[in-house]
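Okay, work14.cif now, which holds mmCIF, C-alpha atoms:
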data_query
#
loop_
_atom_site.label_atom_id
_atom_site.label_comp_id
_atom_site.auth_asym_id
_atom_site.auth_seq_id
_atom_site.Cartn_x
_atom_site.Cartn_y
_atom_site.Cartn_z
CA MET A 212 51.71 185.07 100.42
CA ALA A 213 52.01 182.26 102.99
CA GLN A 214 48.58 182.82 104.51
CA LEU A 215 46.86 182.43 101.14
CA ASP A 216 48.56 179.11 100.43
CA VAL A 217 47.93 177.83 103.94
CA MET A 218 44.25 178.71 103.79
CA ALA A 219 43.81 177.14 100.37
CA LYS A 220 44.85 173.78 101.85
CA PHE A 221 42.19 173.71 104.58
CA GLN A 222 39.59 171.00 104.27
CA GLY A 223 36.37 172.52 102.89
CA VAL A 224 38.05 175.52 101.24
CA LYS A 225 37.29 175.51 97.51
CA GLY A 226 38.87 178.80 96.53
CA VAL A 227 40.77 181.67 98.13
CA VAL A 228 41.19 185.32 97.17
CA LEU A 229 43.74 187.73 98.53
CA GLY A 230 42.86 191.42 98.51
CA ASP A 231 43.01 194.49 100.69
CA LEU A 232 40.63 196.76 102.56
CA ASP A 233 40.47 199.08 99.54
CA GLY A 234 39.10 196.22 97.47
CA ALA A 235 42.22 195.69 95.38
CA PHE A 236 42.78 192.19 94.02
CA LEU A 237 46.24 190.76 94.79
CA ASP A 238 46.16 187.01 94.22
CA SER A 239 43.90 183.96 94.17
CA VAL A 240 43.94 180.18 94.33
CA ARG A 241 41.28 178.12 92.49
CA GLU A 242 39.04 181.19 92.23
CA PRO A 243 38.31 182.54 88.73
CA ASN A 244 36.17 185.43 89.99
CA GLY A 245 38.89 186.89 92.19
CA GLU A 246 38.66 190.55 91.24
CA SER A 247 35.00 191.00 92.05
CA ILE A 248 35.26 188.94 95.23
CA ALA A 249 38.22 191.04 96.39
CA ALA A 250 36.30 194.26 95.72
CA GLU A 251 33.11 193.11 97.41
CA MET A 252 34.75 191.55 100.44
CA GLY A 253 37.09 194.53 100.82
CA PHE A 254 34.05 196.77 100.94
CA LEU A 255 32.28 194.41 103.35
CA SER A 256 35.30 194.33 105.65
CA SER A 257 35.67 198.12 105.59
CA SER A 258 31.99 198.60 106.42
CA LEU A 259 32.08 196.10 109.29
CA LYS A 260 35.32 197.64 110.54
CA GLU A 261 33.59 201.02 110.64
CA ALA A 262 30.61 199.53 112.52
CA GLY A 263 32.93 197.75 114.94
CA GLU A 264 34.90 200.90 115.68
CA ALA A 265 31.70 202.81 116.46
CA LEU A 266 30.52 199.98 118.71
CA GLY A 267 33.86 199.75 120.51
CA LEU A 268 34.44 196.16 119.43
CA GLY A 269 38.11 196.56 118.60
CA VAL A 270 40.00 195.11 115.65
CA LEU A 271 38.10 193.09 113.04
CA GLY A 272 39.49 189.55 112.76
CA THR A 273 37.14 187.32 110.79
CA VAL A 274 33.76 187.46 109.10
CA ALA A 275 31.85 184.21 108.57
CA LEU A 276 29.02 184.32 106.04
CA ALA A 277 26.57 181.45 105.84
CA GLY A 278 23.51 180.62 103.78
CA PRO A 279 21.70 177.41 102.82
CA VAL A 280 24.05 176.69 99.90
CA HIS A 281 27.02 179.07 100.11
CA ALA A 282 29.47 179.97 102.85
CA SER A 283 32.56 182.14 102.98
CA LEU A 284 35.11 183.06 105.57
CA VAL A 285 36.83 186.44 105.38
CA VAL A 286 40.03 186.91 107.37
CA VAL A 287 41.23 190.46 107.99
CA ARG A 288 44.83 191.02 109.05
CA GLY A 289 45.84 194.66 108.99
CA GLN A 290 45.11 195.92 105.49
CA THR A 291 44.96 192.40 104.08
CA VAL A 292 41.66 190.65 103.35
CA ILE A 293 41.62 186.92 102.56
CA THR A 294 38.34 185.39 101.44
CA ALA A 295 37.77 181.65 101.38
CA ARG A 296 34.86 180.03 99.56
CA VAL A 297 33.73 177.14 101.75
CA GLU A 298 31.83 174.06 100.59
CA PRO A 299 29.86 172.41 102.02
CA VAL A 300 28.41 175.04 104.36
CA LYS A 301 28.77 172.72 107.34
CA ALA A 302 32.56 172.86 106.91
CA LEU A 303 32.57 176.53 107.94
CA PRO A 304 33.20 175.98 111.69
CA LEU A 305 36.08 173.65 110.85
CA VAL A 306 37.62 176.24 108.52
CA GLU A 307 37.19 178.92 111.19
CA LYS A 308 38.96 176.73 113.71
CA SER A 309 41.77 175.97 111.27
CA VAL A 310 42.24 179.68 110.57
CA GLU A 311 42.30 180.46 114.27
CA THR A 312 45.07 177.98 114.98
CA SER A 313 47.14 178.32 111.81
CA PHE A 314 47.08 182.11 111.57
CA GLN A 315 48.21 182.44 115.16
CA GLU A 316 51.28 180.46 114.25
CA LEU A 317 51.93 182.54 111.14
CA THR A 318 51.48 185.97 112.72
CA MET B 112 9.17 193.16 119.08
CA GLU B 113 10.60 194.79 122.17
CA ASN B 114 10.09 191.57 124.13
CA THR B 115 11.86 189.51 121.49
CA LEU B 116 14.84 191.87 121.45
CA GLN B 117 14.86 191.95 125.24
CA SER B 118 15.06 188.14 125.32
CA LEU B 119 18.26 188.41 123.27
CA LEU B 120 19.58 191.10 125.56
CA ASP B 121 19.03 188.79 128.52
CA LEU B 122 21.53 186.36 127.01
CA ALA B 123 24.94 186.53 128.73
CA GLY B 124 27.35 188.66 126.72
CA VAL B 125 24.76 190.39 124.54
CA ASN B 126 24.92 194.19 124.76
CA ALA B 127 22.47 195.23 122.08
CA ALA B 128 19.87 193.77 119.75
CA VAL B 129 18.66 195.90 116.86
CA VAL B 130 16.40 195.51 113.83
CA TYR B 131 17.30 197.59 110.77
CA ASP B 132 15.45 197.95 107.51
CA GLY B 133 17.17 197.57 104.14
CA ALA B 134 18.24 201.21 104.15
CA GLY B 135 19.94 200.88 107.52
CA ARG B 136 17.19 202.70 109.39
CA LEU B 137 16.59 201.56 112.92
CA VAL B 138 13.24 199.80 113.32
CA ALA B 139 13.52 198.60 116.92
CA GLN B 140 16.31 198.43 119.46
CA ARG B 141 17.18 197.23 122.92
CA GLY B 142 20.62 197.92 124.34
CA LYS B 143 22.62 198.15 127.52
CA ALA B 144 24.27 201.36 128.72
CA VAL B 145 26.27 202.97 125.90
CA TYR B 146 24.50 200.97 123.21
CA ASP B 147 21.65 203.44 123.07
CA ARG B 148 19.43 204.45 120.19
CA GLY B 149 21.82 207.12 118.91
CA LEU B 150 24.77 204.75 118.66
CA CYS B 151 22.65 202.01 117.08
CA GLU B 152 21.34 204.49 114.51
CA GLN B 153 24.90 205.54 113.76
CA VAL B 154 26.00 202.01 112.83
CA GLY B 155 22.91 201.40 110.69
CA GLY B 156 24.71 202.92 107.69
CA PRO B 157 27.82 200.73 107.75
CA ILE B 158 25.75 197.63 108.53
CA SER B 159 23.45 198.38 105.62
CA ARG B 160 26.45 198.80 103.29
CA ALA B 161 27.94 195.55 104.58
CA VAL B 162 24.68 193.70 103.90
CA ASP B 163 24.48 195.18 100.40
CA SER B 164 27.96 193.91 99.58
CA ILE B 165 27.20 190.47 101.06
CA GLN B 166 24.22 190.15 98.75
CA LEU B 167 26.45 190.55 95.71
CA GLN B 168 28.20 187.26 96.48
CA HIS B 169 25.64 185.55 98.71
CA GLU B 170 22.14 186.53 97.67
CA ASP B 171 20.73 183.82 99.91
CA TRP B 172 22.79 184.73 102.98
CA GLU B 173 21.26 183.96 106.35
CA ALA B 174 23.86 184.76 108.97
CA VAL B 175 27.04 186.76 109.33
CA THR B 176 29.38 186.53 112.30
CA ALA B 177 31.97 189.30 112.47
CA ARG B 178 34.55 188.59 115.17
CA PHE B 179 36.46 191.54 116.58
CA GLY B 180 39.19 191.74 119.18
CA ASP B 181 36.77 192.77 121.92
CA GLY B 182 33.47 191.33 120.81
CA THR B 183 31.24 190.02 118.07
CA LEU B 184 28.69 191.51 115.71
CA LEU B 185 26.12 188.99 114.54
CA LEU B 186 23.78 189.74 111.64
CA ARG B 187 20.77 187.65 110.74
CA SER B 188 18.69 188.18 107.63
CA LEU B 189 14.99 188.54 108.41
CA GLY B 190 14.20 188.28 104.71
CA ASP B 191 11.89 190.43 102.63
CA VAL B 192 8.60 191.59 104.09
CA ALA B 193 6.26 193.39 101.69
CA GLY B 194 9.18 194.32 99.46
CA ALA B 195 11.38 195.62 102.26
CA SER B 196 14.30 193.68 103.70
CA TYR B 197 15.16 193.61 107.39
CA VAL B 198 18.23 192.60 109.36
CA LEU B 199 18.66 191.65 113.00
CA ALA B 200 21.97 192.82 114.48
CA VAL B 201 23.28 191.56 117.81
CA VAL B 202 26.29 193.17 119.49
CA ALA B 203 28.06 190.93 121.98
CA ASP B 204 31.21 190.91 124.07
CA ALA B 205 33.75 188.13 124.57
CA THR B 206 31.64 186.35 127.20
CA LEU B 207 29.01 185.36 124.63
CA ASN B 208 28.30 181.64 124.34
CA PRO B 209 28.19 181.20 120.54
CA ALA B 210 26.12 178.02 120.67
CA PHE B 211 23.44 179.52 122.91
CA ALA B 212 23.49 182.72 120.88
CA ALA B 213 22.97 180.83 117.62
CA VAL B 214 19.85 179.15 118.99
CA ALA B 215 18.48 182.32 120.61
CA ILE B 216 19.03 184.38 117.46
CA ARG B 217 17.36 181.74 115.29
CA VAL B 218 14.32 181.75 117.58
CA ALA B 219 14.25 185.55 117.71
CA ALA B 220 14.52 185.77 113.92
CA ILE B 221 11.47 183.54 113.48
CA LYS B 222 9.46 185.68 115.91
CA LEU B 223 10.61 188.94 114.33
CA LYS B 224 9.76 187.72 110.83
CA LYS B 225 6.25 186.95 112.02
CA LEU B 226 5.91 190.33 113.70
CA LEU B 227 7.26 192.22 110.69
CA GLY B 228 5.11 190.15 108.33
CA GLY B 229 2.04 190.75 110.46
CA ALA B 230 2.72 194.47 110.57
CA ALA B 231 3.25 194.69 106.84
CA SER B 232 0.04 192.87 106.03
CA LEU B 233 -2.03 195.52 107.81
CA PRO B 234 -2.44 199.03 106.40
CA GLY B 235 -0.63 201.98 107.97
CA LEU B 236 1.28 202.53 111.15
CA SER B 237 -1.73 201.93 113.34
CA ALA B 238 -1.48 198.37 112.10
CA LEU B 239 2.05 198.14 113.40
CA HIS B 240 0.79 199.50 116.69
CA SER B 241 -1.75 196.71 116.91
CA SER B 242 0.74 194.08 115.89
CA LEU B 243 3.60 195.12 118.10
CA GLY B 244 1.67 196.40 121.06
CA SER B 245 3.60 199.66 120.93
CA SER B 246 2.70 203.32 120.83
CA VAL B 247 2.93 204.60 117.30
CA GLY B 248 3.63 208.15 116.24
CA PRO B 249 1.82 210.09 113.57
CA PRO B 250 2.57 209.17 109.96
CA GLY B 251 5.08 211.47 108.27
CA PRO B 252 5.40 212.41 104.63
CA GLY B 253 6.26 209.35 102.59
CA GLY B 254 6.45 207.30 105.76
CA SER B 255 5.64 203.96 104.26
CA GLN B 256 8.92 202.49 105.49
CA LEU B 257 9.16 202.24 109.20
CA GLY B 258 11.95 203.89 111.06
CA ALA B 259 11.88 204.11 114.82
CA ALA B 260 12.83 206.56 117.48
CA ARG B 261 12.52 205.77 121.10
CA GLY B 262 14.13 206.67 124.34
CA PRO B 263 15.03 204.32 127.17
CA GLY B 264 11.97 203.07 128.96
CA SER B 265 9.65 203.66 126.05
CA SER B 266 8.69 201.57 123.08
CA GLN B 267 7.40 204.13 120.67
CA LEU B 268 7.80 203.67 116.96
CA TYR B 269 7.80 206.51 114.47
CA PRO B 270 8.29 206.85 110.76
CA PRO B 271 11.50 208.63 109.69
CA GLY B 272 11.32 212.34 110.39
CA ALA B 273 8.18 212.12 112.47
CA HIS B 274 9.73 211.91 115.93
CA PRO B 275 8.08 214.59 118.06
CA ALA B 276 11.44 215.92 119.18
CA SER B 277 13.33 215.53 115.91
CA GLY B 278 12.83 219.15 114.95
CA SER B 279 14.24 220.49 118.18
CA ARG B 280 17.21 218.11 118.37
CA PRO B 281 18.72 218.09 114.89
CA ALA B 282 22.20 217.11 116.05
CA MET B 283 21.25 214.02 117.99
CA ALA B 284 20.71 211.60 115.17
CA SER B 285 24.23 212.00 113.87
CA SER B 286 26.12 212.42 117.11
CA GLY B 287 26.15 208.81 118.25
CA LEU B 288 24.96 208.66 121.83
CA SER B 289 21.99 210.80 122.74
CA TRP B 290 22.44 213.92 124.83
CA SER B 291 19.76 216.48 125.44
CA LYS B 292 20.25 219.85 123.83
CA THR B 293 17.72 221.49 126.06
CA GLY B 294 17.31 219.11 128.99
CA GLY B 295 13.88 218.00 130.17
CA SER B 296 12.24 215.04 128.49
CA SER B 297 15.24 213.74 126.60
CA PRO B 298 16.71 210.22 126.68
CA SER B 299 19.70 211.58 128.57
CA SER B 300 19.37 213.46 131.81
CA VAL B 301 22.22 215.87 131.02
CA ALA B 302 21.98 218.82 128.66
CA ALA B 303 24.51 219.94 126.04
CA SER B 304 24.59 223.53 124.85
CA ASP B 305 25.10 222.78 121.17
CA PRO B 306 25.84 219.95 118.71
CA ALA B 307 29.60 220.27 119.25
CA ALA B 308 29.20 219.84 123.00
CA SER B 309 26.88 216.89 122.40
CA ALA B 310 29.45 215.31 120.08
CA TRP B 311 32.18 215.86 122.70
CA LEU B 312 30.10 214.03 125.31
CA THR B 313 29.59 211.18 122.87
CA ARG B 314 33.33 210.95 122.24
CA ALA B 315 34.09 211.08 125.96
CA SER B 316 31.60 208.32 126.62
CA LYS B 317 33.03 206.11 123.90
CA GLU B 318 36.62 206.70 124.99
CA LEU B 319 35.72 205.95 128.58
CA ALA B 320 33.84 202.82 127.49
CA ARG B 321 37.13 201.45 126.13
CA HIS B 322 38.44 201.39 129.70
CA VAL B 323 35.45 200.90 131.97
CA GLY B 324 32.92 199.21 129.70
CA PRO B 325 29.23 199.81 129.32
CA MET B 326 28.83 201.94 132.45
CA ALA B 327 30.71 204.75 130.71
CA LYS B 328 27.67 206.79 129.75
CA VAL B 329 26.36 206.65 133.32
CA TYR B 330 29.73 207.92 134.62
CA VAL B 331 29.69 210.73 132.06
CA GLU B 332 26.18 211.77 133.05
CA GLU B 333 27.08 211.74 136.74
CA ALA B 334 30.26 213.73 136.13
CA VAL B 335 28.41 216.34 134.05
CA ARG B 336 25.83 216.74 136.82
CA ARG B 337 28.59 217.15 139.43
CA LEU B 338 30.52 219.61 137.28
CA CYS B 339 27.75 221.67 135.73
CA ALA B 340 25.06 221.38 138.40
CA ASP B 341 22.05 223.06 136.77
CA ALA B 342 24.08 224.65 133.98
CA THR B 343 24.17 223.30 130.43
CA PHE B 344 27.31 221.40 129.42
CA SER B 345 29.45 223.32 126.92
CA LEU B 346 32.86 222.67 125.34
CA ALA B 347 34.42 224.98 127.93
CA HIS B 348 33.67 222.30 130.54
CA GLY B 349 35.49 219.68 128.43
CA PRO B 350 38.96 219.68 130.02
CA ALA B 351 37.56 219.66 133.56
CA LEU B 352 35.15 216.86 132.68
CA ALA B 353 37.96 214.83 131.10
CA GLU B 354 40.00 215.16 134.31
CA GLU B 355 36.97 214.18 136.37
CA LEU B 356 36.27 211.13 134.21
CA SER B 357 39.91 210.05 134.17
CA GLY B 358 39.46 209.14 137.83
CA GLN B 359 37.39 206.16 136.63
CA VAL B 360 40.37 204.74 134.73
CA GLU B 361 42.57 202.77 137.09
CA ASP B 362 45.65 202.09 134.99
CA PRO B 363 47.89 205.19 134.71
CA LYS B 364 48.81 204.40 131.08
CA ASP B 365 45.16 203.99 130.16
CA ARG B 366 44.36 207.20 132.01
CA THR B 367 46.95 209.07 129.98
CA ALA B 368 45.62 207.56 126.78
CA PHE B 369 42.09 208.51 127.76
CA LEU B 370 43.06 212.12 128.46
CA GLN B 371 45.06 212.37 125.27
CA ALA B 372 42.18 210.98 123.25
CA LEU B 373 40.04 213.79 124.60
CA GLY B 374 42.75 216.36 123.99
CA ALA B 375 43.05 217.01 127.70
CA GLY B 376 46.82 216.63 128.09
CA LYS B 377 48.63 214.29 130.42
CA ALA B 378 47.26 212.50 133.42
CA LYS B 379 48.31 213.54 136.84
#

Can I see the file as structure tokens?
Amino acid sequence: MAQLDVMAKFQGVKGVVLGDLDGAFLDSVREPNGESIAAEMGFLSSSLKEAGEALGLGVLGTVALAGPVHASLVVVRGQTVITARVEPVKALPLVEKSVETSFQELT
Amino acid sequence: MENTLQSLLDLAGVNAAVVYDGAGRLVAQRGKAVYDRGLCEQVGGPISRAVDSIQLQHEDWEAVTARFGDGTLLLRSLGDVAGASYVLAVVADATLNPAFAAVAIRVAAIKLKKLLGGAASLPGLSALHSSLGSSVGPPGPGGSQLGAARGPGSSQLYPPGAHPASGSRPAMASSGLSWSKTGGSSPSSVAASDPAASAWLTRASKELARHVGPMAKVYVEEAVRRLCADATFSLAHGPALAEELSGQVEDPKDRTAFLQALGAGKAK
């Protein structure tokens, strides 16, 4: 999938997993733990989607997760969920920006 | 705690600020218009599930920013206090300044951690009362974890199941927005005849909010008062209320969509 390959090339992205909202694993780049990440981030995206619908926030686009050591960016497009492992954490805003611009061009 | 949440609410673009415990139970809440206690309680479940799944990959997570088409949901871990974890959730619209919000949420999180830590270090709910400066309800069975139930204009905190009105309003907790079943001293000033009517009002308010924003619940309340006068709202009033409310939606296409969503046929 084009989006997976594009995202894997962003500066700061160490690994990418492609899955869906049901948690199914579809593909990965530089990410050995793809199946569990796809399941967990699919579940996360579904839960946040449910919360967003109840709150009237519209369609879920991205989820940025940050901690002192780890960061991830989850991109939701329709049923597709793409999770990027970001290192270092401070690269997260840059990855978000890259996703915003590149995915607009792709979709 | 109320003051800290209110300071977040004062930030441009923020519509609600809520503290949940690890089980998704609402601990404290401040919200504008439709983001009332009932709605915030409703999303506690999905938010709790989301946090659980985050912890599988990011045990040390601090912040989550979920961007939606029409707004943002920000989650901030408040850490573990006396064995219980807490999360601050902020609901914002597109006008939010992310930089300002990040700073304000960080400050609020520090204050909330102190408040929660202070409350946990003292025995019983009366301790929470002292710490938070709020009125505290009577302890319920097994009420060691704090849940909260409060109406607009109050800051009362109760353990789960111990809300004074919880026995007489069984449908409210699960129906999203709060509507009175019997009228009188309820958070809402309109009365619904049964849980189905209450749920219909919730749906109408949410559908209207898609088109007119956070004033939707106020419009619904006003329309119910106009339509039902002193009578209790029932499902039989639904179609007439939908027509009445559709007058608030300017765009004809949106008006049709609104009426269809409420099963009230086509717009005039």

Given the file shown, determine the residues that the PyMOL selection byres ((chain A) within 12 of (chain B)) selects; report them as a VMD selection string.
chain A and resid 234 244 to 245 247 to 288 294 296 300 303 to 304 307 311

Would you put the residues from that selection into a file with C-alpha atoms, as a PDB file, keeping the file's coordinate frame?
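Contents of the output file part-v8.pdb:
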ATOM      1  CA  GLY A 234      39.100 196.220  97.470  1.00  0.00           C
ATOM      2  CA  ASN A 244      36.170 185.430  89.990  1.00  0.00           C
ATOM      3  CA  GLY A 245      38.890 186.890  92.190  1.00  0.00           C
ATOM      4  CA  SER A 247      35.000 191.000  92.050  1.00  0.00           C
ATOM      5  CA  ILE A 248      35.260 188.940  95.230  1.00  0.00           C
ATOM      6  CA  ALA A 249      38.220 191.040  96.390  1.00  0.00           C
ATOM      7  CA  ALA A 250      36.300 194.260  95.720  1.00  0.00           C
ATOM      8  CA  GLU A 251      33.110 193.110  97.410  1.00  0.00           C
ATOM      9  CA  MET A 252      34.750 191.550 100.440  1.00  0.00           C
ATOM     10  CA  GLY A 253      37.090 194.530 100.820  1.00  0.00           C
ATOM     11  CA  PHE A 254      34.050 196.770 100.940  1.00  0.00           C
ATOM     12  CA  LEU A 255      32.280 194.410 103.350  1.00  0.00           C
ATOM     13  CA  SER A 256      35.300 194.330 105.650  1.00  0.00           C
ATOM     14  CA  SER A 257      35.670 198.120 105.590  1.00  0.00           C
ATOM     15  CA  SER A 258      31.990 198.600 106.420  1.00  0.00           C
ATOM     16  CA  LEU A 259      32.080 196.100 109.290  1.00  0.00           C
ATOM     17  CA  LYS A 260      35.320 197.640 110.540  1.00  0.00           C
ATOM     18  CA  GLU A 261      33.590 201.020 110.640  1.00  0.00           C
ATOM     19  CA  ALA A 262      30.610 199.530 112.520  1.00  0.00           C
ATOM     20  CA  GLY A 263      32.930 197.750 114.940  1.00  0.00           C
ATOM     21  CA  GLU A 264      34.900 200.900 115.680  1.00  0.00           C
ATOM     22  CA  ALA A 265      31.700 202.810 116.460  1.00  0.00           C
ATOM     23  CA  LEU A 266      30.520 199.980 118.710  1.00  0.00           C
ATOM     24  CA  GLY A 267      33.860 199.750 120.510  1.00  0.00           C
ATOM     25  CA  LEU A 268      34.440 196.160 119.430  1.00  0.00           C
ATOM     26  CA  GLY A 269      38.110 196.560 118.600  1.00  0.00           C
ATOM     27  CA  VAL A 270      40.000 195.110 115.650  1.00  0.00           C
ATOM     28  CA  LEU A 271      38.100 193.090 113.040  1.00  0.00           C
ATOM     29  CA  GLY A 272      39.490 189.550 112.760  1.00  0.00           C
ATOM     30  CA  THR A 273      37.140 187.320 110.790  1.00  0.00           C
ATOM     31  CA  VAL A 274      33.760 187.460 109.100  1.00  0.00           C
ATOM     32  CA  ALA A 275      31.850 184.210 108.570  1.00  0.00           C
ATOM     33  CA  LEU A 276      29.020 184.320 106.040  1.00  0.00           C
ATOM     34  CA  ALA A 277      26.570 181.450 105.840  1.00  0.00           C
ATOM     35  CA  GLY A 278      23.510 180.620 103.780  1.00  0.00           C
ATOM     36  CA  PRO A 279      21.700 177.410 102.820  1.00  0.00           C
ATOM     37  CA  VAL A 280      24.050 176.690  99.900  1.00  0.00           C
ATOM     38  CA  HIS A 281      27.020 179.070 100.110  1.00  0.00           C
ATOM     39  CA  ALA A 282      29.470 179.970 102.850  1.00  0.00           C
ATOM     40  CA  SER A 283      32.560 182.140 102.980  1.00  0.00           C
ATOM     41  CA  LEU A 284      35.110 183.060 105.570  1.00  0.00           C
ATOM     42  CA  VAL A 285      36.830 186.440 105.380  1.00  0.00           C
ATOM     43  CA  VAL A 286      40.030 186.910 107.370  1.00  0.00           C
ATOM     44  CA  VAL A 287      41.230 190.460 107.990  1.00  0.00           C
ATOM     45  CA  ARG A 288      44.830 191.020 109.050  1.00  0.00           C
ATOM     46  CA  THR A 294      38.340 185.390 101.440  1.00  0.00           C
ATOM     47  CA  ARG A 296      34.860 180.030  99.560  1.00  0.00           C
ATOM     48  CA  VAL A 300      28.410 175.040 104.360  1.00  0.00           C
ATOM     49  CA  LEU A 303      32.570 176.530 107.940  1.00  0.00           C
ATOM     50  CA  PRO A 304      33.200 175.980 111.690  1.00  0.00           C
ATOM     51  CA  GLU A 307      37.190 178.920 111.190  1.00  0.00           C
ATOM     52  CA  GLU A 311      42.300 180.460 114.270  1.00  0.00           C
TER      53      GLU A 311
END

Non-local contacts of A:Glu246 (10 Å; all atoms listed in the file; under 3 positions in same chain excluded) as an MDAnalysis selection string
chainID A and resid 228:230 234:239 242:243 249:251

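What the PyMOL selection byres ((chain A and resi 218-221) around 9) picks from this file is Ala213, Gln214, Leu215, Asp216, Val217, Gln222, Gly223, Val224, Lys225, Gly226, Val227, Val240, Arg241, Ile293, Ala295, Leu305, Val306, Ser309, Val310, Ser313 and Phe314 of chain A.
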
For a test of reading the model, state the distance in Å between atom CA of B:Leu312 and atom CA of B:Ala123, rounded to one decimal.
28.2 Å

Skipping near chain neighbours, those fewer than 2 positions away, what residues fall within 12 Å of B:His322 using all atoms listed in the file, listed as JSON, numbers by chain?
{"A": [267], "B": [181, 315, 316, 317, 318, 319, 320, 324, 325, 326, 327, 330, 356, 357, 358, 359, 360, 361, 362, 363, 364, 365, 366, 367, 368, 369, 370]}

Output of the PyMOL selection byres ((chain B and resi 216) around 9), listed as number ranges by chain
B: 119, 185, 187, 199, 201, 211-215, 217-221

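The coordinates place atom CA of B:Ala334 at 14.5 Å from atom CA of B:Ser309.
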
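Proximity of B:Thr343, B:Asn126, B:Thr313, B:Thr115 to B:Lys225, computed with only C-alpha atoms, is greatest for B:Thr115.
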
Two-atom distance - atom CA of B:Ser345, atom CA of B:Asp305 (Å):
7.2 Å
